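S.K.: Take a look at protein29.tsv, TSV, C-alpha atoms (C1' of nucleotides):
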```tsv
chain	number	residue	atom	x	y	z
A	1299	MET	CA	-6.50	-19.94	13.35
A	1300	ARG	CA	-6.43	-16.29	14.28
A	1301	SER	CA	-5.63	-15.00	17.73
A	1302	THR	CA	-7.41	-11.67	17.75
A	1303	PRO	CA	-9.28	-10.73	20.94
A	1304	ALA	CA	-12.53	-9.75	19.21
A	1305	LEU	CA	-14.80	-8.80	22.03
A	1306	PRO	CA	-17.05	-7.11	20.88
A	1307	PRO	CA	-17.13	-8.52	17.36
A	1308	GLN	CA	-15.72	-6.42	14.52
A	1309	LEU	CA	-14.82	-3.66	16.95
A	1310	ALA	CA	-11.67	-2.61	15.09
A	1311	GLY	CA	-13.44	-2.38	11.76
A	1312	ARG	CA	-16.39	-0.48	13.14
A	1313	LEU	CA	-14.21	1.94	15.08
A	1314	GLY	CA	-12.02	2.57	12.06
A	1315	VAL	CA	-15.00	3.28	9.82
A	1316	ALA	CA	-16.70	5.51	12.39
A	1317	VAL	CA	-13.59	7.59	12.97
A	1318	THR	CA	-12.89	7.87	9.25
A	1319	ARG	CA	-16.42	9.01	8.49
A	1320	LEU	CA	-16.63	11.50	11.33
A	1321	ALA	CA	-13.23	12.99	10.48
A	1322	ARG	CA	-14.28	13.37	6.85
A	1323	ARG	CA	-17.61	14.91	7.81
A	1324	MET	CA	-15.96	17.42	10.11
A	1325	ARG	CA	-13.57	18.39	7.35
A	1326	SER	CA	-16.30	18.82	4.78
A	1327	GLN	CA	-18.34	20.84	7.26
A	1328	ARG	CA	-15.58	23.36	7.66
A	1329	ARG	CA	-16.06	26.63	5.83
A	1330	SER	CA	-13.29	27.58	3.45
A	1331	ASP	CA	-12.09	30.42	5.66
A	1332	ALA	CA	-12.05	28.27	8.78
A	1333	LEU	CA	-9.27	26.43	10.55
A	1334	SER	CA	-8.44	22.88	9.53
A	1335	SER	CA	-8.74	20.02	11.98
A	1336	THR	CA	-5.00	19.85	12.34
A	1337	GLN	CA	-4.64	23.56	12.99
A	1338	LEU	CA	-7.33	23.26	15.62
A	1339	ALA	CA	-5.64	20.25	17.21
A	1340	ALA	CA	-2.38	22.20	17.40
A	1341	LEU	CA	-4.13	25.09	19.12
A	1342	HIS	CA	-5.64	22.66	21.61
A	1343	SER	CA	-2.24	21.19	22.42
A	1344	LEU	CA	-0.77	24.62	23.02
A	1345	TYR	CA	-3.79	25.51	25.13
A	1346	ARG	CA	-3.39	22.39	27.22
A	1347	LEU	CA	0.40	22.30	27.48
A	1348	GLY	CA	1.40	25.94	27.23
A	1349	ALA	CA	4.41	27.07	25.21
A	1350	LEU	CA	6.12	24.41	23.08
A	1351	THR	CA	8.89	24.26	20.53
A	1352	PRO	CA	7.98	23.11	17.02
A	1353	ARG	CA	9.72	19.82	17.70
A	1354	GLU	CA	7.68	19.24	20.85
A	1355	LEU	CA	4.48	20.09	19.04
A	1356	ALA	CA	5.39	17.65	16.24
A	1357	VAL	CA	5.85	14.84	18.76
A	1358	CYS	CA	2.67	15.74	20.56
A	1359	GLU	CA	0.61	15.85	17.36
A	1360	ARG	CA	2.46	12.93	15.78
A	1361	VAL	CA	3.24	14.84	12.64
A	1362	GLN	CA	6.61	15.61	11.03
A	1363	PRO	CA	8.46	18.92	11.58
A	1364	PRO	CA	7.68	20.36	8.13
A	1365	THR	CA	4.01	19.92	8.83
A	1366	VAL	CA	4.40	21.94	12.02
A	1367	THR	CA	6.12	24.68	10.06
A	1368	ARG	CA	3.16	24.96	7.73
A	1369	ILE	CA	0.51	24.75	10.43
A	1370	THR	CA	2.13	27.30	12.69
A	1371	ALA	CA	2.90	29.70	9.85
A	1372	ALA	CA	-0.81	29.82	9.02
A	1373	LEU	CA	-1.80	30.22	12.66
A	1374	GLU	CA	0.73	33.00	13.12
A	1375	ASP	CA	-0.65	34.81	10.08
A	1376	LEU	CA	-4.08	34.60	11.70
A	1377	GLY	CA	-2.72	36.10	14.90
A	1378	LEU	CA	-3.57	33.00	16.92
A	1379	LEU	CA	-0.06	32.12	18.03
A	1380	SER	CA	3.27	33.87	18.45
A	1381	ARG	CA	6.75	32.64	17.62
A	1382	HIS	CA	9.71	33.82	19.68
A	1383	SER	CA	13.35	32.80	19.68
A	1384	HIS	CA	14.43	30.52	22.47
A	1385	PRO	CA	16.50	32.58	24.93
A	1386	ASN	CA	19.32	30.03	25.36
A	1387	ASP	CA	19.33	28.17	22.05
A	1388	ARG	CA	18.93	30.32	19.00
A	1389	ARG	CA	18.09	27.31	16.82
A	1390	GLN	CA	14.83	26.79	18.62
A	1391	MET	CA	11.56	28.67	18.56
A	1392	ILE	CA	8.92	29.06	21.23
A	1393	LEU	CA	5.32	28.72	20.13
A	1394	GLN	CA	2.63	30.19	22.32
A	1395	LEU	CA	-1.03	31.07	21.95
A	1396	THR	CA	-1.91	34.73	21.68
A	1397	PRO	CA	-4.89	36.00	23.66
A	1398	ALA	CA	-6.94	35.60	20.46
A	1399	GLY	CA	-5.82	31.98	20.10
A	1400	THR	CA	-6.58	31.23	23.72
A	1401	ALA	CA	-10.01	32.78	23.39
A	1402	LEU	CA	-10.76	30.77	20.27
A	1403	VAL	CA	-9.94	27.47	21.94
A	1404	ALA	CA	-11.72	28.33	25.15
A	1405	ALA	CA	-14.89	29.29	23.30
A	1406	ALA	CA	-14.80	26.38	20.80
A	1407	ASP	CA	-15.16	29.27	18.44
A	1408	SER	CA	-14.36	27.68	15.10
A	1409	ALA	CA	-16.66	26.62	12.30
A	1410	SER	CA	-16.19	22.87	12.64
A	1411	GLU	CA	-16.61	23.03	16.40
A	1412	GLN	CA	-19.69	25.15	16.05
A	1413	TRP	CA	-21.15	22.47	13.83
A	1414	LEU	CA	-20.10	19.73	16.21
A	1415	CYS	CA	-21.58	21.64	19.15
A	1416	GLY	CA	-24.87	21.73	17.33
A	1417	GLN	CA	-24.79	18.00	16.72
A	1418	LEU	CA	-23.87	17.28	20.32
A	1419	ALA	CA	-26.69	19.46	21.54
A	1420	MET	CA	-29.14	17.10	19.88
A	1421	LEU	CA	-27.88	14.07	21.80
A	1422	SER	CA	-29.11	12.83	25.14
A	1423	ASP	CA	-27.07	13.35	28.29
A	1424	GLY	CA	-26.26	9.66	28.27
A	1425	GLU	CA	-24.98	9.78	24.71
A	1426	ARG	CA	-22.79	12.76	25.46
A	1427	ALA	CA	-21.45	10.90	28.49
A	1428	SER	CA	-20.63	7.91	26.28
A	1429	LEU	CA	-18.65	10.12	23.93
A	1430	ALA	CA	-16.88	11.80	26.83
A	1431	GLU	CA	-15.84	8.38	28.09
A	1432	ALA	CA	-14.53	7.28	24.70
A	1433	ILE	CA	-12.44	10.39	24.03
A	1434	PRO	CA	-9.50	9.66	26.36
A	1435	ILE	CA	-9.43	6.06	25.13
A	1436	MET	CA	-9.20	7.20	21.51
A	1437	ASN	CA	-6.47	9.64	22.47
A	1438	ARG	CA	-4.56	6.89	24.18
A	1439	ILE	CA	-4.74	4.70	21.08
A	1440	ALA	CA	-3.74	7.60	18.85
A	1441	ASN	CA	-0.69	8.30	20.99
A	1442	SER	CA	0.42	4.73	21.49
B	1136	MET	CA	-23.63	35.58	25.73
B	1137	ARG	CA	-23.36	32.24	24.06
B	1138	SER	CA	-26.06	29.58	24.11
B	1139	THR	CA	-24.06	26.37	23.66
B	1140	PRO	CA	-25.14	23.36	25.73
B	1141	ALA	CA	-21.66	22.51	27.01
B	1142	LEU	CA	-22.18	19.50	29.22
B	1143	PRO	CA	-19.49	18.12	29.59
B	1144	PRO	CA	-17.23	21.15	29.14
B	1145	GLN	CA	-15.32	21.48	25.87
B	1146	LEU	CA	-16.82	18.26	24.56
B	1147	ALA	CA	-16.92	19.38	20.93
B	1148	GLY	CA	-13.32	20.49	20.96
B	1149	ARG	CA	-12.07	17.38	22.67
B	1150	LEU	CA	-14.06	15.07	20.41
B	1151	GLY	CA	-12.85	16.88	17.31
B	1152	VAL	CA	-9.23	16.66	18.38
B	1153	ALA	CA	-9.49	12.99	19.37
B	1154	VAL	CA	-11.11	12.00	16.10
B	1155	THR	CA	-8.62	14.01	14.07
B	1156	ARG	CA	-5.65	12.46	15.85
B	1157	LEU	CA	-6.92	8.91	15.68
B	1158	ALA	CA	-7.80	9.23	11.99
B	1159	ARG	CA	-4.33	10.57	11.26
B	1160	ARG	CA	-2.68	7.84	13.29
B	1161	MET	CA	-4.61	5.12	11.52
B	1162	ARG	CA	-3.63	6.58	8.17
B	1163	SER	CA	0.05	6.80	9.07
B	1164	GLN	CA	-0.04	3.28	10.44
B	1165	ARG	CA	-1.18	1.89	7.13
B	1166	ARG	CA	1.45	0.10	5.09
B	1167	SER	CA	1.97	1.42	1.59
B	1168	ASP	CA	0.41	-1.63	-0.04
B	1169	ALA	CA	-2.64	-1.58	2.21
B	1170	LEU	CA	-6.13	-0.22	1.72
B	1171	SER	CA	-6.87	3.37	2.66
B	1172	SER	CA	-9.41	4.24	5.32
B	1173	THR	CA	-11.87	5.35	2.70
B	1174	GLN	CA	-11.49	2.20	0.64
B	1175	LEU	CA	-12.06	0.18	3.77
B	1176	ALA	CA	-15.11	2.23	4.70
B	1177	ALA	CA	-16.55	1.64	1.23
B	1178	LEU	CA	-16.03	-2.11	1.59
B	1179	HIS	CA	-17.79	-2.00	4.95
B	1180	SER	CA	-20.77	-0.19	3.45
B	1181	LEU	CA	-21.09	-2.75	0.67
B	1182	TYR	CA	-20.73	-5.52	3.22
B	1183	ARG	CA	-23.45	-4.05	5.37
B	1184	LEU	CA	-25.84	-2.92	2.64
B	1185	GLY	CA	-25.17	-5.33	-0.22
B	1186	ALA	CA	-24.99	-4.18	-3.83
B	1187	LEU	CA	-25.09	-0.42	-4.43
B	1188	THR	CA	-24.77	1.94	-7.35
B	1189	PRO	CA	-21.88	4.43	-7.28
B	1190	ARG	CA	-24.36	7.18	-6.56
B	1191	GLU	CA	-25.77	5.34	-3.57
B	1192	LEU	CA	-22.33	4.61	-2.26
B	1193	ALA	CA	-21.39	8.28	-2.61
B	1194	VAL	CA	-24.41	9.32	-0.54
B	1195	CYS	CA	-23.73	6.64	2.02
B	1196	GLU	CA	-20.05	7.57	2.39
B	1197	ARG	CA	-20.76	11.27	2.03
B	1198	VAL	CA	-18.22	11.72	-0.73
B	1199	GLN	CA	-18.67	13.04	-4.26
B	1200	PRO	CA	-19.20	10.76	-7.30
B	1201	PRO	CA	-15.69	11.22	-8.75
B	1202	THR	CA	-14.27	10.02	-5.46
B	1203	VAL	CA	-16.35	6.86	-5.71
B	1204	THR	CA	-15.06	6.29	-9.21
B	1205	ARG	CA	-11.48	6.40	-7.96
B	1206	ILE	CA	-12.10	4.28	-4.87
B	1207	THR	CA	-14.02	1.58	-6.69
B	1208	ALA	CA	-11.58	1.44	-9.59
B	1209	ALA	CA	-8.81	0.60	-7.13
B	1210	LEU	CA	-10.91	-1.96	-5.30
B	1211	GLU	CA	-11.91	-3.58	-8.56
B	1212	ASP	CA	-8.25	-3.83	-9.58
B	1213	LEU	CA	-7.61	-5.60	-6.31
B	1214	GLY	CA	-10.40	-8.04	-7.01
B	1215	LEU	CA	-12.37	-6.96	-3.96
B	1216	LEU	CA	-15.47	-5.74	-5.74
B	1217	SER	CA	-17.18	-6.29	-9.07
B	1218	ARG	CA	-18.91	-3.79	-11.34
B	1219	HIS	CA	-21.82	-4.88	-13.50
B	1220	SER	CA	-24.18	-2.90	-15.68
B	1221	HIS	CA	-27.61	-2.24	-14.27
B	1222	PRO	CA	-30.09	-4.49	-16.06
B	1223	ASN	CA	-32.77	-1.82	-16.60
B	1224	ASP	CA	-30.79	1.41	-16.76
B	1225	ARG	CA	-27.61	1.22	-18.72
B	1226	ARG	CA	-26.31	4.47	-17.24
B	1227	GLN	CA	-25.96	2.86	-13.85
B	1228	MET	CA	-23.49	0.37	-12.46
B	1229	ILE	CA	-23.94	-2.21	-9.73
B	1230	LEU	CA	-21.13	-2.49	-7.22
B	1231	GLN	CA	-20.86	-5.66	-5.20
B	1232	LEU	CA	-18.23	-7.31	-3.04
B	1233	THR	CA	-16.47	-10.34	-4.46
B	1234	PRO	CA	-15.90	-13.32	-2.16
B	1235	ALA	CA	-12.40	-11.95	-1.54
B	1236	GLY	CA	-13.81	-8.58	-0.55
B	1237	THR	CA	-16.38	-10.14	1.74
B	1238	ALA	CA	-13.71	-12.27	3.38
B	1239	LEU	CA	-11.47	-9.26	3.92
B	1240	VAL	CA	-14.17	-7.28	5.70
B	1241	ALA	CA	-15.36	-10.24	7.75
B	1242	ALA	CA	-11.84	-10.99	8.96
B	1243	ALA	CA	-10.85	-7.35	9.61
B	1244	ASP	CA	-7.95	-8.50	7.48
B	1245	SER	CA	-6.32	-5.24	6.51
B	1246	ALA	CA	-3.18	-3.61	7.80
B	1247	SER	CA	-4.78	-0.68	9.60
B	1248	GLU	CA	-7.35	-2.93	11.23
B	1249	GLN	CA	-4.67	-5.36	12.27
B	1250	TRP	CA	-2.92	-2.49	14.01
B	1251	LEU	CA	-6.15	-1.29	15.58
B	1252	CYS	CA	-6.95	-4.82	16.75
B	1253	GLY	CA	-3.62	-4.91	18.52
B	1254	GLN	CA	-4.33	-1.60	20.24
B	1255	LEU	CA	-7.79	-2.70	21.28
B	1256	ALA	CA	-6.43	-5.94	22.67
B	1257	MET	CA	-4.45	-3.90	25.20
B	1258	LEU	CA	-7.53	-2.19	26.59
B	1259	SER	CA	-9.72	-3.40	29.41
B	1260	ASP	CA	-13.13	-4.89	28.74
B	1261	GLY	CA	-14.71	-1.75	30.14
B	1262	GLU	CA	-12.72	0.46	27.78
B	1263	ARG	CA	-13.67	-1.63	24.79
B	1264	ALA	CA	-17.29	-1.40	25.89
B	1265	SER	CA	-17.01	2.39	26.09
B	1266	LEU	CA	-15.71	2.53	22.54
B	1267	ALA	CA	-18.43	0.16	21.33
B	1268	GLU	CA	-21.01	2.47	22.86
B	1269	ALA	CA	-19.53	5.57	21.24
B	1270	ILE	CA	-19.30	4.13	17.71
B	1271	PRO	CA	-22.99	4.33	16.74
B	1272	ILE	CA	-23.19	7.83	18.19
B	1273	MET	CA	-20.24	8.97	16.07
B	1274	ASN	CA	-21.82	7.36	13.02
B	1275	ARG	CA	-25.05	9.18	13.69
B	1276	ILE	CA	-23.25	12.51	13.91
B	1277	ALA	CA	-21.26	11.76	10.76
B	1278	ASN	CA	-24.43	10.97	8.83
B	1279	SER	CA	-26.54	13.84	10.10
C	1289	DT	C1'	-33.80	18.15	-20.59
C	1290	DA	C1'	-32.30	15.52	-16.53
C	1291	DT	C1'	-29.43	11.99	-14.60
C	1292	DT	C1'	-25.42	8.59	-14.09
C	1293	DG	C1'	-20.96	7.98	-14.18
C	1294	DT	C1'	-16.27	9.35	-15.79
C	1295	DT	C1'	-12.40	12.35	-17.00
C	1296	DA	C1'	-9.73	16.59	-16.28
C	1297	DT	C1'	-7.99	19.55	-13.08
C	1298	DA	C1'	-6.88	21.79	-8.72
C	1299	DC	C1'	-6.44	22.17	-3.77
C	1300	DT	C1'	-5.33	20.53	0.97
C	1301	DC	C1'	-2.70	17.79	4.03
C	1302	DT	C1'	1.23	15.35	4.98
C	1303	DA	C1'	5.56	13.05	4.13
C	1304	DT	C1'	10.67	12.59	2.77
C	1305	DA	C1'	14.88	14.78	1.30
C	1306	DA	C1'	17.85	18.59	1.05
C	1307	DC	C1'	19.33	22.90	3.06
C	1308	DT	C1'	20.66	26.67	6.66
C	1309	DA	C1'	21.83	28.14	11.05
C	1310	DT	C1'	23.30	27.12	15.53
C	1311	DA	C1'	25.27	24.08	19.16
D	686	DT	C1'	29.29	16.35	13.92
D	687	DA	C1'	24.57	16.66	15.62
D	688	DT	C1'	20.27	19.14	16.12
D	689	DA	C1'	16.28	22.69	15.17
D	690	DG	C1'	13.76	24.46	11.89
D	691	DT	C1'	12.72	25.63	7.01
D	692	DT	C1'	12.31	25.04	2.03
D	693	DA	C1'	11.55	22.06	-2.02
D	694	DT	C1'	9.17	18.46	-3.80
D	695	DA	C1'	6.02	14.54	-4.19
D	696	DG	C1'	2.05	11.64	-3.14
D	697	DA	C1'	-2.50	10.73	-1.16
D	698	DG	C1'	-7.25	12.05	-0.93
D	699	DT	C1'	-10.97	14.76	-2.22
D	700	DA	C1'	-13.48	18.44	-4.52
D	701	DT	C1'	-15.54	21.12	-8.57
D	702	DA	C1'	-16.23	21.58	-13.50
D	703	DA	C1'	-16.74	19.69	-17.92
D	704	DC	C1'	-18.00	15.72	-20.63
D	705	DA	C1'	-20.31	11.32	-22.59
D	706	DA	C1'	-23.93	8.13	-22.55
D	707	DT	C1'	-28.51	7.04	-21.46
D	708	DA	C1'	-33.25	7.98	-19.85
```
In structure tokens, write the structure found in this file.

M.R.:
Amino acid sequence: MRSTPALPPQLAGRLGVAVTRLARRMRSQRRSDALSSTQLAALHSLYRLGALTPRELAVCERVQPPTVTRITAALEDLGLLSRHSHPNDRRQMILQLTPAGTALVAAADSASEQWLCGQLAMLSDGERASLAEAIPIMNRIANS
Amino acid sequence: MRSTPALPPQLAGRLGVAVTRLARRMRSQRRSDALSSTQLAALHSLYRLGALTPRELAVCERVQPPTVTRITAALEDLGLLSRHSHPNDRRQMILQLTPAGTALVAAADSASEQWLCGQLAMLSDGERASLAEAIPIMNRIANS
DNA sequence: TATTGTTATACTCTATAACTATA
DNA sequence: TATAGTTATAGAGTATAACAATA
């Protein structure tokens, strides 16, 4: 006997496969000079939440601190975010989008998002609405 | 001027971030002895489509042939799939789930799916329905 | 000569462990 | 002593290039 909920049938398996495939496709779609999915996700968090410390960004993205170091170093090199010392605690840093970083997020102006925009444009309004409904639910699961 | 469709606003960005985060979370949730997302996706394809050659599986999963070699070697070691020579063309192999592999897929009996099942159990019926609606749309985008 | 699959190799992403600076 | 961030290192996962066997 198994006590899984299982309405609709196989939902976990199908969701896992769909997310895996779409994530892989987005990554492969990315041009070599473009931002990675994780870099893009970090920019989105900073766009949504404003300035954060590396630690806060790590919690928010559910990655470890060294990963944040790498991601933010690359984004700083690209001029998309700035790193300042915390005024009261010199151990901490403050990460913040530059105008260029803000513009990039606001315009969905990255290679993988351009591709995704094109795909979404070919869907019906109803299909786009279905995706829009699913997004916060997926985020909730990812953050739980 | 930009000619993106953009209903609902920022949909591409939000979808990309949600998929990235959920894929990462599922991967980190996985126990060290468990199957990877890609291995699981391969099992699901063989479950759905029956026997395939490595080439066919590569096309279906949108990965390159060497990746299929690695994935299937691991799954064969675990006794989840079998590899036979093609009867007419000795260059080709036939990949097919074993009874153990079939049972694993049918039962969603893997660590990451167990975790995902638990998360899905905490959602409302309406939320599960929203996810179920979004899954085929994500698959369509991933395969386009 | 073209195709299937494998082996060799390299790159990206992410983690853990060890280190430095500050509190 | 505890905490923030970085550096060093290792392990997945996947790709491209080169190779072997077969058509």

S.K.: Within 7 Å of chain C, which residues belong to chain A? Use all atoms listed in the file and report them as JSON, numbers by chain.

M.R.: {"A": [1365, 1388, 1389]}

S.K.: My list of candidates is A:Pro1306, A:Gly1416, A:Pro1363, A:Gly1399. Which is closest to Thr1351 of chain A when distances are computed with all atoms listed in the file?

M.R.: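 Going through A:Pro1306, A:Gly1416, A:Pro1363, A:Gly1399 one by one, the smallest distance to Thr1351 of chain A is for A:Pro1363.
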
S.K.: Restrict the distance test to all atoms listed in the file, flag each residue of chain D within 7 Å of chain B, and return the flagged residues as a PDB file with C-alpha atoms (C1' of nucleotides), in the frame of the given file.

M.R.:
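Result saved to part-v4.pdb:
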```pdb
ATOM      1  C1'  DT D 699     -10.970  14.760  -2.220  1.00  0.00           C
ATOM      2  C1'  DA D 706     -23.930   8.130 -22.550  1.00  0.00           C
ATOM      3  C1'  DT D 707     -28.510   7.040 -21.460  1.00  0.00           C
TER       4       DT D 707
END
```

S.K.: What does the distance between atom CA of Gln1308 of chain A and atom CA of Thr1204 of chain B come to in Å, to one decimal place?

M.R.: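 A separation of 26.9 Å between them.
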
S.K.: Rounded to one decimal place, report the atom CA of Ala1246 of chain B-atom CA of Asp1212 of chain B distance in Å.

M.R.: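 Computing it gives 18.1 Å between the two atoms.
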
S.K.: Which one of B:Val1203, B:Val1152, B:Leu1239, B:Pro1144 sits closest to chain A if you count all atoms listed in the file?

M.R.: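 Closest to chain A of all the choices is B:Val1152.
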
S.K.: Measuring atom to atom with only C-alpha atoms (C1' of nucleotides), identify which of A:Ile1433, A:Ala1356, A:Ala1405, A:Leu1378 is nearest to DG690 of chain D.

M.R.: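 Ranked by minimum distance to DG690 of chain D, first place goes to A:Ala1356.
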
S.K.: What separation in Å, quoted to one decimal, exists between atom CA of Ala1267 of chain B and atom CA of Leu1309 of chain A?

M.R.: 6.8 Å

S.K.: Counting all atoms listed in the file, figure out which residue out of A:Leu1341, A:Leu1355, A:Leu1429, A:Leu1395 gets nearest to chain B.

M.R.: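 Comparing A:Leu1341, A:Leu1355, A:Leu1429, A:Leu1395 against chain B, the winner is A:Leu1429.
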
S.K.: The centre and edge lengths of an axis-aligned box containing all atoms of segment 693-705 of chain D present in the file, extended by 3 Å on each side, are to be given in Å to one decimal, as lines of an AutoDock Vina configuration file.

M.R.:
```
center_x = -4.4
center_y = 16.4
center_z = -11.8
size_x = 37.9
size_y = 17.3
size_z = 27.7
```

S.K.: Could you check the closest approach to chain A for each of B:Ser1172, B:Ser1220, B:Thr1233, B:Ser1167 and tell me which residue wins, using all atoms listed in the file?

M.R.: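 That would be B:Ser1172, the residue with the smallest distance to chain A.
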
S.K.: Can you pull out every residue within 10 Å of segment 1157-1164 of chain B, counting all atoms listed in the file, but drop anything in the same chain fewer than 6 positions away, and send it as a ChimeraX atom specification?

M.R.: /A:1314-1322,1336,1359-1361,1436-1442 /B:1170-1173,1246-1251 /C:1302-1303

S.K.: Env of Met1391 of chain A: 10 Å cut, atoms = all atoms listed in the file, seq-sep filter 4 positions within chain, self excluded. Answer as a list of chain:residue names.

M.R.: A:Ala1349, A:Leu1350, A:Thr1351, A:Pro1352, A:Arg1353, A:Ser1380, A:Arg1381, A:His1382, A:Ser1383, A:His1384, A:Pro1385, A:Asp1387, D:DA689, D:DG690

S.K.: So, with all atoms listed in the file as the atoms that count, which of B:Ala1147, B:Leu1216, B:Ala1208, B:Cys1195 lies closest to chain A?

M.R.: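 That would be B:Ala1147, the residue with the smallest distance to chain A.
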